[in-house]
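Colleague: So here's structure19.tsv (TSV, C-alpha atoms and all ligand atoms).
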chain	number	residue	atom	x	y	z
A	1196	MET	CA	-2.29	25.61	-95.40
A	1197	HIS	CA	-1.62	22.51	-97.52
A	1198	SER	CA	-1.76	22.21	-101.29
A	1199	PHE	CA	-1.45	19.57	-103.98
A	1200	LYS	CA	-1.42	19.49	-107.78
A	1201	VAL	CA	-4.05	18.03	-110.08
A	1202	ASN	CA	-2.99	17.43	-113.69
A	1203	THR	CA	-6.12	17.32	-115.81
A	1204	SER	CA	-6.11	15.46	-119.14
A	1205	GLN	CA	-9.34	16.54	-120.80
A	1206	HIS	CA	-11.06	19.80	-121.67
A	1207	SER	CA	-13.88	19.15	-119.20
A	1208	GLU	CA	-13.83	16.46	-116.55
A	1209	LEU	CA	-14.55	15.63	-112.93
A	1210	ILE	CA	-11.55	14.11	-111.12
A	1211	ASP	CA	-11.99	12.30	-107.79
A	1212	ILE	CA	-9.63	13.98	-105.28
A	1213	THR	CA	-11.15	12.45	-102.13
A	1214	ASP	CA	-8.05	10.31	-101.42
A	1215	GLN	CA	-5.63	13.27	-101.77
A	1216	ILE	CA	-7.72	15.34	-99.35
A	1217	GLN	CA	-8.04	12.44	-96.89
A	1218	THR	CA	-4.22	12.10	-97.02
A	1219	VAL	CA	-3.86	15.76	-96.01
A	1220	VAL	CA	-6.31	15.18	-93.14
A	1221	THR	CA	-4.50	12.00	-92.04
A	1222	ASN	CA	-1.08	13.69	-92.10
A	1223	ASN	CA	-2.46	16.61	-90.09
A	1224	LYS	CA	-3.42	14.23	-87.24
A	1225	LEU	CA	-6.50	16.29	-86.28
A	1226	ASN	CA	-9.27	13.94	-85.09
A	1227	ASP	CA	-12.24	16.30	-84.97
A	1228	GLY	CA	-12.66	19.48	-86.96
A	1229	LEU	CA	-13.35	20.89	-90.37
A	1230	CYS	CA	-11.60	20.43	-93.70
A	1231	PHE	CA	-11.85	23.49	-95.95
A	1232	VAL	CA	-10.94	22.88	-99.61
A	1233	PHE	CA	-10.38	25.76	-102.05
A	1234	VAL	CA	-9.68	25.80	-105.80
A	1235	PRO	CA	-7.61	28.91	-106.73
A	1236	HIS	CA	-8.66	29.08	-110.39
A	1237	THR	CA	-11.35	30.85	-112.45
A	1238	THR	CA	-12.10	28.09	-114.98
A	1239	ALA	CA	-12.13	25.10	-112.60
A	1240	GLY	CA	-14.21	24.40	-109.52
A	1241	ILE	CA	-15.02	21.76	-106.94
A	1242	THR	CA	-18.10	19.70	-106.13
A	1243	ILE	CA	-19.31	16.62	-104.24
A	1244	ASN	CA	-21.27	13.92	-106.01
A	1245	GLU	CA	-21.61	10.17	-106.58
A	1246	ASN	CA	-18.42	8.10	-106.57
A	1247	ALA	CA	-19.96	4.71	-107.42
A	1248	ASP	CA	-21.26	4.97	-110.98
A	1249	PRO	CA	-18.89	6.92	-113.30
A	1250	SER	CA	-21.79	7.64	-115.67
A	1251	VAL	CA	-23.02	10.25	-113.16
A	1252	ARG	CA	-19.82	12.26	-113.73
A	1253	LYS	CA	-20.27	11.97	-117.50
A	1254	ASP	CA	-23.88	13.14	-117.26
A	1255	ILE	CA	-22.96	16.14	-115.11
A	1256	ILE	CA	-20.33	17.27	-117.64
A	1257	LYS	CA	-22.68	16.59	-120.57
A	1258	GLU	CA	-25.52	18.61	-119.07
A	1259	LEU	CA	-23.26	21.50	-117.97
A	1260	ASN	CA	-21.99	21.64	-121.56
A	1261	ALA	CA	-25.58	21.72	-122.82
A	1262	LEU	CA	-26.53	24.40	-120.28
A	1263	VAL	CA	-23.50	26.59	-121.04
A	1264	PRO	CA	-22.43	26.11	-124.70
A	1265	TRP	CA	-18.79	26.88	-125.59
A	1266	GLU	CA	-19.81	29.31	-128.38
A	1267	HIS	CA	-22.57	31.73	-127.45
A	1268	ASN	CA	-21.61	35.31	-128.47
A	1269	TYR	CA	-19.79	35.92	-125.19
A	1270	THR	CA	-17.84	39.17	-124.81
A	1271	HIS	CA	-14.80	37.85	-122.86
A	1272	GLY	CA	-11.86	38.05	-125.32
A	1273	GLU	CA	-10.03	34.96	-124.07
A	1274	GLY	CA	-12.78	32.81	-125.57
A	1275	ASN	CA	-13.38	30.62	-122.52
A	1276	SER	CA	-16.41	32.28	-120.94
A	1277	ALA	CA	-18.24	28.96	-120.79
A	1278	ALA	CA	-15.49	27.60	-118.51
A	1279	HIS	CA	-15.73	30.67	-116.24
A	1280	ILE	CA	-19.52	30.29	-116.00
A	1281	LYS	CA	-19.41	26.53	-115.27
A	1282	ALA	CA	-16.76	27.10	-112.59
A	1283	SER	CA	-19.03	29.62	-110.90
A	1284	LEU	CA	-21.91	27.12	-111.08
A	1285	THR	CA	-19.92	24.45	-109.22
A	1286	GLY	CA	-18.23	26.94	-106.87
A	1287	PHE	CA	-14.63	27.20	-105.70
A	1288	SER	CA	-14.69	25.80	-102.17
A	1289	LEU	CA	-16.35	23.33	-99.86
A	1290	THR	CA	-16.16	22.25	-96.24
A	1291	VAL	CA	-16.38	18.68	-94.92
A	1292	CYS	CA	-16.52	17.59	-91.26
A	1293	ILE	CA	-13.68	15.48	-89.83
A	1294	GLU	CA	-14.54	12.85	-87.22
A	1295	GLN	CA	-11.98	10.41	-85.83
A	1296	GLY	CA	-9.52	11.59	-88.47
A	1297	ARG	CA	-11.81	10.75	-91.39
A	1298	LEU	CA	-13.67	12.99	-93.84
A	1299	GLN	CA	-17.37	12.58	-93.14
A	1300	LEU	CA	-18.88	11.91	-96.56
A	1301	GLY	CA	-22.05	10.03	-97.44
A	1302	THR	CA	-21.71	6.42	-98.56
A	1303	TRP	CA	-21.93	7.34	-102.24
A	1304	GLN	CA	-20.13	10.68	-102.11
A	1305	GLY	CA	-16.74	11.67	-103.50
A	1306	ILE	CA	-15.05	15.08	-103.77
A	1307	TYR	CA	-14.43	16.12	-107.37
A	1308	PHE	CA	-12.08	18.63	-108.92
A	1309	ALA	CA	-14.09	20.11	-111.79
A	1310	GLU	CA	-11.98	21.02	-114.83
A	1311	PHE	CA	-13.69	23.17	-117.46
A	1312	ASP	CA	-10.77	24.48	-119.56
A	1313	GLY	CA	-8.13	21.76	-119.56
A	1314	PRO	CA	-5.88	20.06	-119.87
A	1315	ARG	CA	-3.88	22.06	-117.34
A	1316	SER	CA	-1.81	21.73	-114.20
A	1317	ARG	CA	-4.04	22.84	-111.34
A	1318	SER	CA	-3.74	23.40	-107.59
A	1319	VAL	CA	-5.99	22.55	-104.66
A	1320	TRP	CA	-5.58	24.27	-101.30
A	1321	VAL	CA	-6.65	22.59	-98.06
A	1322	LYS	CA	-7.00	24.14	-94.61
A	1323	ILE	CA	-7.65	21.94	-91.59
A	1324	ILE	CA	-9.43	23.78	-88.77
B	1401	ZN	ZN	-10.94	33.63	-119.53
Kindly present the structure from the file in structure tokens form.
Modeller:
Amino acid sequence: MHSFKVNTSQHSELIDITDQIQTVVTNNKLNDGLCFVFVPHTTAGITINENADPSVRKDIIKELNALVPWEHNYTHGEGNSAAHIKASLTGFSLTVCIEQGRLQLGTWQGIYFAEFDGPRSRSVWVKII
């Protein structure tokens, strides 16, 4: 298994990690297979969405914040229940096909690390199958 670090700089943000994952795939030299990506955290997740217009990322964060407010009489004592809930909404893993050594993403797709309780130093795990 491979891993790399993501240093987030904001409380909530989507960070494009497509290039880092493609680098793992390229270094692995597997032409055809699957790339499994896993985020080993409980207040950060991973998702695929548009990589052309950055306003899409802003809107996703804005609407997740509206959907899951930071203060809402949660019971979790650490005070970051909203981050846990948003991480579960995005999920903690995804799988992308590899063809001819390249991640097979749609024209407008990028892979995003989803930070919901930053800034922190985070990890991403990648398994090439
Ligand atoms: Zn917590």
Colleague: Which residues are near ligand ZN 1401 (chain B) - at most 9 Å, using all atoms listed in the file? Format: as a PyMOL selection string.
Modeller: chain A and resi 1237-1238+1271-1279
Colleague: Give me the residues of region 1237-1307 of chain A that have any atom at most 8 Å from an atom of region 1205-1220 of chain A; for each, the nearest atom pair and the distance in Å, rounded to one decimal. Use only C-alpha atoms, sort by chain and number, and format it as CSV.
Modeller:
residue,atom,partner,partner_atom,distance
A:Asn1246,CA,A:Asp1211,CA,7.8
A:Arg1252,CA,A:Leu1209,CA,6.3
A:Lys1253,CA,A:Glu1208,CA,7.9
A:Ile1256,CA,A:Glu1208,CA,6.6
A:Gly1296,CA,A:Val1220,CA,6.7
A:Arg1297,CA,A:Gln1217,CA,6.9
A:Leu1298,CA,A:Gln1217,CA,6.4
A:Gly1305,CA,A:Thr1213,CA,5.8
A:Ile1306,CA,A:Thr1213,CA,5.0
A:Tyr1307,CA,A:Asp1211,CA,4.6
Colleague: Would you compute the distance between CA of Val1321 (chain A) and CA of Val1234 (chain A)? Give it in Å to one decimal.
Modeller: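 Going from CA of Val1321 (chain A) over to CA of Val1234 (chain A) covers 8.9 Å.
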Colleague: Taking (-4.7, 20.5, -111.9) in the file's coordinates as the center, which residues reach within 6 Å of it, counting only C-alpha atoms, put as a ChimeraX atom specification?
Modeller: /A:1200-1203,1315-1318
Colleague: Could you check which residues have any atom within 8 Å of (-10.5, 20.2, -99.8), counting all atoms listed in the file with coordinates taken straight from the file, and then list them as a CSV table (one decimal) with C-alpha atoms, keeping the file's coordinate frame?
Modeller:
chain,number,residue,atom,x,y,z
A,1216,ILE,CA,-7.7,15.3,-99.4
A,1230,CYS,CA,-11.6,20.4,-93.7
A,1231,PHE,CA,-11.8,23.5,-96.0
A,1232,VAL,CA,-10.9,22.9,-99.6
A,1233,PHE,CA,-10.4,25.8,-102.0
A,1288,SER,CA,-14.7,25.8,-102.2
A,1289,LEU,CA,-16.4,23.3,-99.9
A,1290,THR,CA,-16.2,22.2,-96.2
A,1291,VAL,CA,-16.4,18.7,-94.9
A,1306,ILE,CA,-15.0,15.1,-103.8
A,1319,VAL,CA,-6.0,22.6,-104.7
A,1320,TRP,CA,-5.6,24.3,-101.3
A,1321,VAL,CA,-6.6,22.6,-98.1
A,1322,LYS,CA,-7.0,24.1,-94.6
Colleague: Kindly indicate which residue among A:Ala1261, A:Gly1301, A:Tyr1269, A:Phe1311 lies nearest to Ser1283 (chain A), using all atoms listed in the file for the distances.
Modeller: A:Phe1311
Colleague: Distance CA of Glu1245 (chain A)-CA of Ile1293 (chain A), one decimal place?
Modeller: 19.3 Å
Colleague: Can you work out the spacing between CA of His1197 (chain A) and CA of Ala1239 (chain A) in Å, to one decimal?
Modeller: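 Interatomic distance, CA of His1197 (chain A) to CA of Ala1239 (chain A): 18.6 Å.
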Colleague: Padding 5 Å on each side, edges along x, y and z: where is the centre of the box around the listed atoms of region 1249-1268 of chain A, and how long are its edges in Å to one decimal? Output it as lines of an AutoDock Vina configuration file.
Modeller:
center_x = -22.7
center_y = 21.1
center_z = -120.8
size_x = 17.7
size_y = 38.4
size_z = 25.3
Colleague: For Leu1229 (chain A), which residue out of A:Thr1302, A:Phe1308, A:Gln1295, A:Leu1259 is the nearest one, using all atoms listed in the file?
Modeller: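 When distances to Leu1229 (chain A) are compared using all atoms listed in the file, the smallest one comes from A:Gln1295.
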Colleague: Could you check which of A:Met1196, A:Asn1226, A:Ile1324, A:Gln1304 is closest to Val1251 (chain A), using all atoms listed in the file?
Modeller: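 With all atoms listed in the file as the atom set, the closest residue is A:Gln1304.
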